[in-house]
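Here is the file entry20.csv (CSV, C-alpha atoms).
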chain,number,residue,atom,x,y,z
D,8,MET,CA,21.9,27.6,-7.2
D,9,ASP,CA,19.5,25.1,-8.8
D,10,PHE,CA,20.6,22.5,-6.2
D,11,PHE,CA,19.8,24.8,-3.3
D,12,VAL,CA,16.5,25.8,-4.8
D,13,LYS,CA,15.5,22.2,-5.2
D,14,MET,CA,16.6,21.3,-1.7
D,15,ARG,CA,14.5,24.2,-0.3
D,16,GLU,CA,11.5,23.1,-2.3
D,17,TYR,CA,12.0,19.5,-1.0
D,18,PHE,CA,12.2,20.5,2.7
D,19,ASN,CA,9.3,22.9,2.2
D,20,GLN,CA,7.1,20.2,0.7
D,21,THR,CA,8.2,17.8,3.5
D,22,GLY,CA,7.0,20.2,6.1
D,23,ASN,CA,3.8,20.8,4.3
D,24,ILE,CA,3.0,17.1,4.1
D,25,ALA,CA,3.9,16.7,7.8
D,26,ARG,CA,1.5,19.6,8.6
D,27,PHE,CA,-1.2,18.1,6.4
D,28,ALA,CA,-0.8,14.7,8.2
D,29,GLY,CA,-1.0,16.5,11.5
D,30,ASN,CA,-4.3,18.1,10.5
D,31,PHE,CA,-5.6,14.6,9.8
D,32,PHE,CA,-5.2,13.7,13.5
D,33,THR,CA,-6.2,17.1,14.9
D,34,VAL,CA,-9.1,17.9,12.6
D,35,GLY,CA,-10.0,14.8,10.6
D,36,MET,CA,-10.4,12.6,13.7
D,37,LYS,CA,-12.9,14.9,15.5
D,38,PRO,CA,-16.7,14.4,15.4
D,39,ARG,CA,-18.7,14.6,13.3
D,40,TYR,CA,-17.7,11.4,11.4
D,41,GLU,CA,-18.6,10.9,7.7
D,42,ILE,CA,-19.5,7.2,8.1
D,43,LYS,CA,-21.4,6.9,4.9
D,44,GLU,CA,-18.6,8.4,2.8
D,45,LEU,CA,-16.1,6.2,4.7
D,46,LEU,CA,-17.9,3.0,3.8
D,47,ALA,CA,-18.3,4.2,0.2
D,48,GLN,CA,-14.5,4.8,0.0
D,49,CYS,CA,-13.8,1.4,1.6
D,50,TYR,CA,-15.8,-0.2,-1.2
D,51,PHE,CA,-14.2,1.8,-4.0
D,52,ILE,CA,-10.7,1.6,-2.6
D,53,GLY,CA,-10.8,-2.0,-1.3
D,54,TYR,CA,-13.3,-4.0,-3.3
D,55,ASN,CA,-12.4,-2.4,-6.7
D,56,SER,CA,-8.7,-3.0,-6.1
D,57,LEU,CA,-9.1,-6.7,-5.4
D,58,PRO,CA,-9.0,-8.1,-9.0
D,59,LEU,CA,-5.8,-6.3,-9.8
D,60,VAL,CA,-4.2,-7.3,-6.5
D,61,GLY,CA,-5.3,-10.9,-6.9
D,62,LEU,CA,-4.1,-11.2,-10.5
D,63,THR,CA,-0.7,-9.5,-9.6
D,64,GLY,CA,-0.3,-11.8,-6.6
D,65,PHE,CA,-1.1,-14.9,-8.5
D,66,ILE,CA,1.4,-14.1,-11.3
D,67,MET,CA,4.0,-13.1,-8.7
D,68,GLY,CA,3.8,-16.4,-6.8
D,69,LEU,CA,3.8,-18.4,-10.1
D,70,VAL,CA,6.8,-16.7,-11.6
D,71,LEU,CA,8.8,-16.7,-8.3
D,72,THR,CA,8.3,-20.4,-7.9
D,73,MET,CA,9.3,-21.1,-11.5
D,74,GLN,CA,12.4,-18.9,-11.2
D,75,LEU,CA,13.6,-20.4,-7.9
D,76,ARG,CA,13.0,-24.1,-8.7
D,77,PRO,CA,16.0,-24.7,-11.1
D,78,SER,CA,18.5,-23.2,-8.6
D,79,MET,CA,17.0,-25.2,-5.7
D,80,VAL,CA,17.1,-28.4,-7.7
D,81,THR,CA,20.7,-27.8,-8.6
D,82,TYR,CA,21.6,-27.5,-4.9
D,83,GLY,CA,19.4,-30.5,-3.9
D,84,VAL,CA,16.9,-28.6,-1.8
D,85,ALA,CA,13.9,-28.7,-4.0
D,86,THR,CA,11.7,-30.0,-1.2
D,87,GLU,CA,12.2,-26.7,0.6
D,88,LEU,CA,10.8,-24.7,-2.3
D,89,PRO,CA,7.3,-24.2,-0.7
D,90,VAL,CA,8.9,-23.0,2.6
D,91,MET,CA,11.2,-20.5,0.9
D,92,VAL,CA,8.5,-19.1,-1.4
D,93,GLY,CA,5.9,-18.9,1.5
D,94,ILE,CA,8.3,-17.0,3.8
D,95,ALA,CA,9.4,-14.7,1.1
D,96,ILE,CA,5.9,-13.8,0.0
D,97,VAL,CA,4.4,-13.4,3.5
D,98,ARG,CA,7.3,-11.5,5.0
D,99,GLU,CA,8.4,-9.1,2.3
D,100,ILE,CA,7.4,-9.6,-1.3
D,101,GLY,CA,3.6,-9.7,-0.8
D,102,PRO,CA,3.3,-6.5,1.3
D,103,VAL,CA,5.7,-4.4,-0.8
D,104,ILE,CA,4.3,-5.4,-4.2
D,105,THR,CA,0.7,-5.0,-3.0
D,106,GLY,CA,1.6,-1.6,-1.6
D,107,LEU,CA,3.2,-0.5,-4.9
D,108,ILE,CA,0.2,-1.7,-6.9
D,109,PHE,CA,-2.1,0.0,-4.4
D,110,ALA,CA,-0.1,3.3,-4.7
D,111,GLY,CA,-0.3,3.1,-8.5
D,112,LYS,CA,-4.0,2.5,-8.6
D,113,ILE,CA,-5.4,4.3,-5.6
D,114,GLY,CA,-2.8,7.0,-5.1
D,115,SER,CA,-3.2,8.3,-8.7
D,116,SER,CA,-7.0,8.0,-8.4
D,117,ILE,CA,-7.2,10.0,-5.3
D,118,GLY,CA,-4.8,12.6,-6.6
D,119,ALA,CA,-6.7,13.0,-9.8
D,120,GLU,CA,-10.1,13.1,-8.2
D,121,LEU,CA,-9.3,15.7,-5.6
D,122,GLY,CA,-7.2,17.6,-8.1
D,123,SER,CA,-10.2,17.8,-10.5
D,124,MET,CA,-12.4,19.0,-7.6
D,125,LYS,CA,-9.8,21.6,-6.7
D,126,VAL,CA,-9.6,22.8,-10.3
D,127,THR,CA,-13.4,23.0,-10.8
D,128,GLU,CA,-13.7,24.8,-7.4
D,129,GLN,CA,-15.9,22.0,-5.9
D,130,ILE,CA,-13.8,22.1,-2.7
D,131,ASP,CA,-14.4,25.8,-2.3
D,132,ALA,CA,-18.1,25.2,-2.9
D,133,MET,CA,-18.2,22.7,-0.1
D,134,GLU,CA,-16.7,25.2,2.3
D,135,VAL,CA,-19.3,27.8,1.3
D,136,ALA,CA,-22.1,25.2,1.8
D,137,GLY,CA,-20.9,24.6,5.4
D,138,THR,CA,-19.3,21.2,4.8
D,139,ASN,CA,-15.8,20.6,6.0
D,140,PRO,CA,-14.0,19.4,2.9
D,141,PHE,CA,-11.0,18.1,4.9
D,142,LYS,CA,-13.1,15.8,7.0
D,143,TYR,CA,-15.4,14.7,4.1
D,144,LEU,CA,-12.7,14.3,1.4
D,145,VAL,CA,-9.4,13.7,3.1
D,146,ALA,CA,-10.1,11.9,6.4
D,147,THR,CA,-12.5,9.4,4.9
D,148,ARG,CA,-10.0,8.4,2.1
D,149,VAL,CA,-7.0,8.2,4.4
D,150,VAL,CA,-8.9,6.0,6.9
D,151,ALA,CA,-10.1,3.8,4.0
D,152,THR,CA,-6.6,3.3,2.5
D,153,THR,CA,-5.2,2.6,6.0
D,154,LEU,CA,-7.8,-0.1,6.7
D,155,MET,CA,-8.1,-1.6,3.2
D,156,LEU,CA,-4.4,-2.2,2.3
D,157,PRO,CA,-3.8,-4.7,5.1
D,158,ILE,CA,-6.8,-6.7,4.0
D,159,LEU,CA,-5.8,-6.6,0.4
D,160,THR,CA,-2.3,-7.7,1.4
D,161,ILE,CA,-3.6,-10.8,3.2
D,162,LEU,CA,-5.8,-11.6,0.2
D,163,GLY,CA,-2.9,-10.9,-2.2
D,164,ASP,CA,-0.7,-13.3,-0.2
D,165,ALA,CA,-3.3,-16.0,-0.5
D,166,PHE,CA,-3.4,-15.6,-4.3
D,167,SER,CA,0.4,-15.6,-4.4
D,168,LEU,CA,0.6,-18.8,-2.5
D,169,PHE,CA,-2.0,-20.4,-4.7
D,170,GLY,CA,0.1,-19.3,-7.7
D,171,ALA,CA,3.2,-20.8,-6.1
D,172,TYR,CA,1.3,-24.1,-5.7
D,173,ILE,CA,0.4,-24.1,-9.4
D,174,GLY,CA,4.1,-23.3,-10.2
D,175,VAL,CA,5.3,-26.2,-8.1
D,176,ASN,CA,3.0,-28.6,-9.9
D,177,ILE,CA,4.1,-27.6,-13.3
D,178,LYS,CA,7.3,-29.7,-13.1
D,179,SER,CA,6.3,-32.1,-10.2
D,180,VAL,CA,3.2,-33.3,-8.4
D,181,THR,CA,2.5,-32.0,-4.9
D,182,SER,CA,-0.8,-32.3,-3.0
D,183,PHE,CA,-2.6,-29.1,-2.0
D,184,HIS,CA,-2.6,-30.3,1.7
D,185,LEU,CA,1.2,-31.1,1.8
D,186,PHE,CA,2.2,-27.8,0.1
D,187,PHE,CA,0.3,-25.5,2.4
D,188,ASN,CA,1.1,-27.7,5.4
D,189,ASP,CA,4.8,-27.2,4.8
D,190,ILE,CA,4.3,-23.4,4.5
D,191,PHE,CA,2.2,-22.9,7.6
D,192,HIS,CA,4.4,-25.1,9.7
D,193,SER,CA,7.4,-22.9,8.7
D,194,LEU,CA,5.6,-19.6,9.4
D,195,ALA,CA,5.5,-17.9,12.9
D,196,TYR,CA,3.6,-14.9,14.2
D,197,SER,CA,6.9,-13.0,14.0
D,198,ASP,CA,6.7,-13.5,10.2
D,199,LEU,CA,3.1,-12.5,9.8
D,200,MET,CA,2.5,-9.7,12.3
D,201,PRO,CA,5.3,-7.3,11.3
D,202,ALA,CA,4.3,-7.7,7.6
D,203,VAL,CA,0.7,-6.9,8.3
D,204,ILE,CA,1.4,-4.0,10.7
D,205,LYS,CA,3.6,-2.2,8.3
D,206,THR,CA,0.9,-2.3,5.6
D,207,PHE,CA,-1.2,0.0,7.8
D,208,PHE,CA,1.6,2.6,7.5
D,209,PHE,CA,1.8,1.9,3.7
D,210,GLY,CA,-1.9,2.6,3.4
D,211,PHE,CA,-1.7,5.7,5.5
D,212,ALA,CA,1.2,7.0,3.4
D,213,VAL,CA,-0.7,6.4,0.1
D,214,GLY,CA,-3.8,8.1,1.4
D,215,ILE,CA,-2.0,11.1,2.8
D,216,ILE,CA,0.2,11.7,-0.2
D,217,GLY,CA,-2.7,11.2,-2.7
D,218,CYS,CA,-5.0,13.6,-0.8
D,219,TYR,CA,-2.2,16.2,-0.3
D,220,LYS,CA,-1.3,16.2,-4.0
D,221,GLY,CA,-4.9,16.5,-5.1
D,222,TYR,CA,-6.0,18.9,-2.4
D,223,PHE,CA,-3.2,21.4,-3.3
D,224,SER,CA,-3.3,20.8,-7.0
D,225,ASN,CA,-2.3,23.6,-9.4
D,226,LYS,CA,-4.9,25.1,-11.6
D,227,GLY,CA,-5.6,23.6,-15.0
D,228,THR,CA,-5.7,20.1,-16.4
D,229,ARG,CA,-1.9,19.8,-16.4
D,230,GLY,CA,-2.0,20.4,-12.6
D,231,VAL,CA,-4.4,17.4,-12.2
D,232,GLY,CA,-2.1,15.1,-14.2
D,233,SER,CA,0.9,16.3,-12.3
D,234,SER,CA,-0.8,15.7,-9.0
D,235,ALA,CA,-1.7,12.1,-10.0
D,236,ASN,CA,1.7,11.3,-11.2
D,237,SER,CA,3.6,12.8,-8.3
D,238,ALA,CA,1.3,11.1,-5.8
D,239,VAL,CA,2.3,7.7,-7.2
D,240,VAL,CA,6.0,8.5,-7.3
D,241,LEU,CA,6.1,9.9,-3.8
D,242,ALA,CA,3.9,7.3,-2.3
D,243,SER,CA,6.0,4.5,-3.8
D,244,VAL,CA,9.2,6.1,-2.4
D,245,LEU,CA,7.6,6.3,1.0
D,246,ILE,CA,6.6,2.7,0.9
D,247,PHE,CA,10.3,1.7,0.4
D,248,ILE,CA,11.4,4.0,3.2
D,249,ILE,CA,8.8,2.7,5.6
D,250,ASP,CA,9.7,-0.9,4.7
D,251,LEU,CA,13.4,-0.2,5.3
D,252,LEU,CA,12.5,1.3,8.7
D,253,ALA,CA,10.3,-1.7,9.5
D,254,VAL,CA,13.1,-4.2,8.7
D,255,GLN,CA,15.5,-2.3,11.0
D,256,ILE,CA,12.9,-2.2,13.8
D,257,THR,CA,12.1,-5.9,13.6
D,258,ASP,CA,15.8,-6.7,13.4
D,259,LEU,CA,16.3,-4.6,16.6
D,260,PHE,CA,13.7,-6.7,18.4
D,261,GLY,CA,15.1,-10.0,17.0
D,262,LEU,CA,12.1,-10.8,14.8
D,263,ASN,CA,14.0,-11.3,11.5
Can you dump the structure from the file as structure tokens?
Amino acid sequence: MDFFVKMREYFNQTGNIARFAGNFFTVGMKPRYEIKELLAQCYFIGYNSLPLVGLTGFIMGLVLTMQLRPSMVTYGVATELPVMVGIAIVREIGPVITGLIFAGKIGSSIGAELGSMKVTEQIDAMEVAGTNPFKYLVATRVVATTLMLPILTILGDAFSLFGAYIGVNIKSVTSFHLFFNDIFHSLAYSDLMPAVIKTFFFGFAVGIIGCYKGYFSNKGTRGVGSSANSAVVLASVLIFIIDLLAVQITDLFGLN
């Protein structure tokens, strides 16, 4: 019985999230637009996430290079290390890791913020005051996450490649120009564009899940904590699902 109850709750929540996402397109995208709040959310979501994304990307590139180097030296292909690291970071590792970091920081933040507003009845007060809380709170945050994550991914890739350059020069000496020249000559638009495009969907998923969990948070402080935690978990799972679908689609079109 517990299995069927959990399955019913799962499908019920899936339908509610789909309806919530549909409301974003039918309600949230209609005038009037909250431009000032959108710009503020872009600043808080994008700019404030840059230090964490940059540090994570730098360490990721450094560690990946140091881990791959011994194996590539063993097989006599150490000169291909910049190419392998660059393709791995740009095509897959950079977007996914940045998306997960983004889900952990921003997804939990949005879930906790809207959950607190729900518990303290600020959302109800906005409705009484004549402000559409869905447009002001949800639409602005979802658009901000959708726009900011691709930018953060590109910047995170840049930090990762710089970390990889440092990692290569720990055991050998390679010029900055030669290192990045090897990487950019091996990359194609078919490597970059699918990786960037799927981050728009990553950002949309993080925004929708964070807003949904916070907007329908249970009463009490425990409900706020549960909303933040479940927003991170569900957004992270969705990122992996979207990434799997993206790989299948790009393989179907011969872009892998």
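In this model, the gap between CA of Pro38 (chain D) and CA of Glu134 (chain D) comes to 17.0 Å.
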If you count only C-alpha atoms, the residue of D:Tyr196, D:Phe260, D:Phe141, D:Phe208 closest to Tyr222 (chain D) turns out to be D:Phe141
Restricting to only C-alpha atoms, whichever of D:Glu16, D:Asp198, D:Asp9, D:Glu120 is closest to Leu144 (chain D) is D:Glu120
- Query: Could you pull the residues within 7 Å of Thr72 (chain D), counting all atoms listed in the file, minus those fewer than 3 positions along the same chain, as a list in words?
  - Reply: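 The filter keeps Gly68, Leu69, Leu75, Arg76, Val92, Ala171, Gly174 and Val175 of chain D.
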Just how far from CA of Asn176 (chain D) is CA of Pro58 (chain D), in Å to one decimal?
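So the answer is 23.8 Å.
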If we count only C-alpha atoms and set the cut-off at 9 Å, which residues sit around Ser123 (chain D), ignoring sequence neighbours fewer than 4 positions away in its own chain? Please answer as a PyMOL selection string. chain D and resi 118-119+127-129+221+224+227-228+230-231
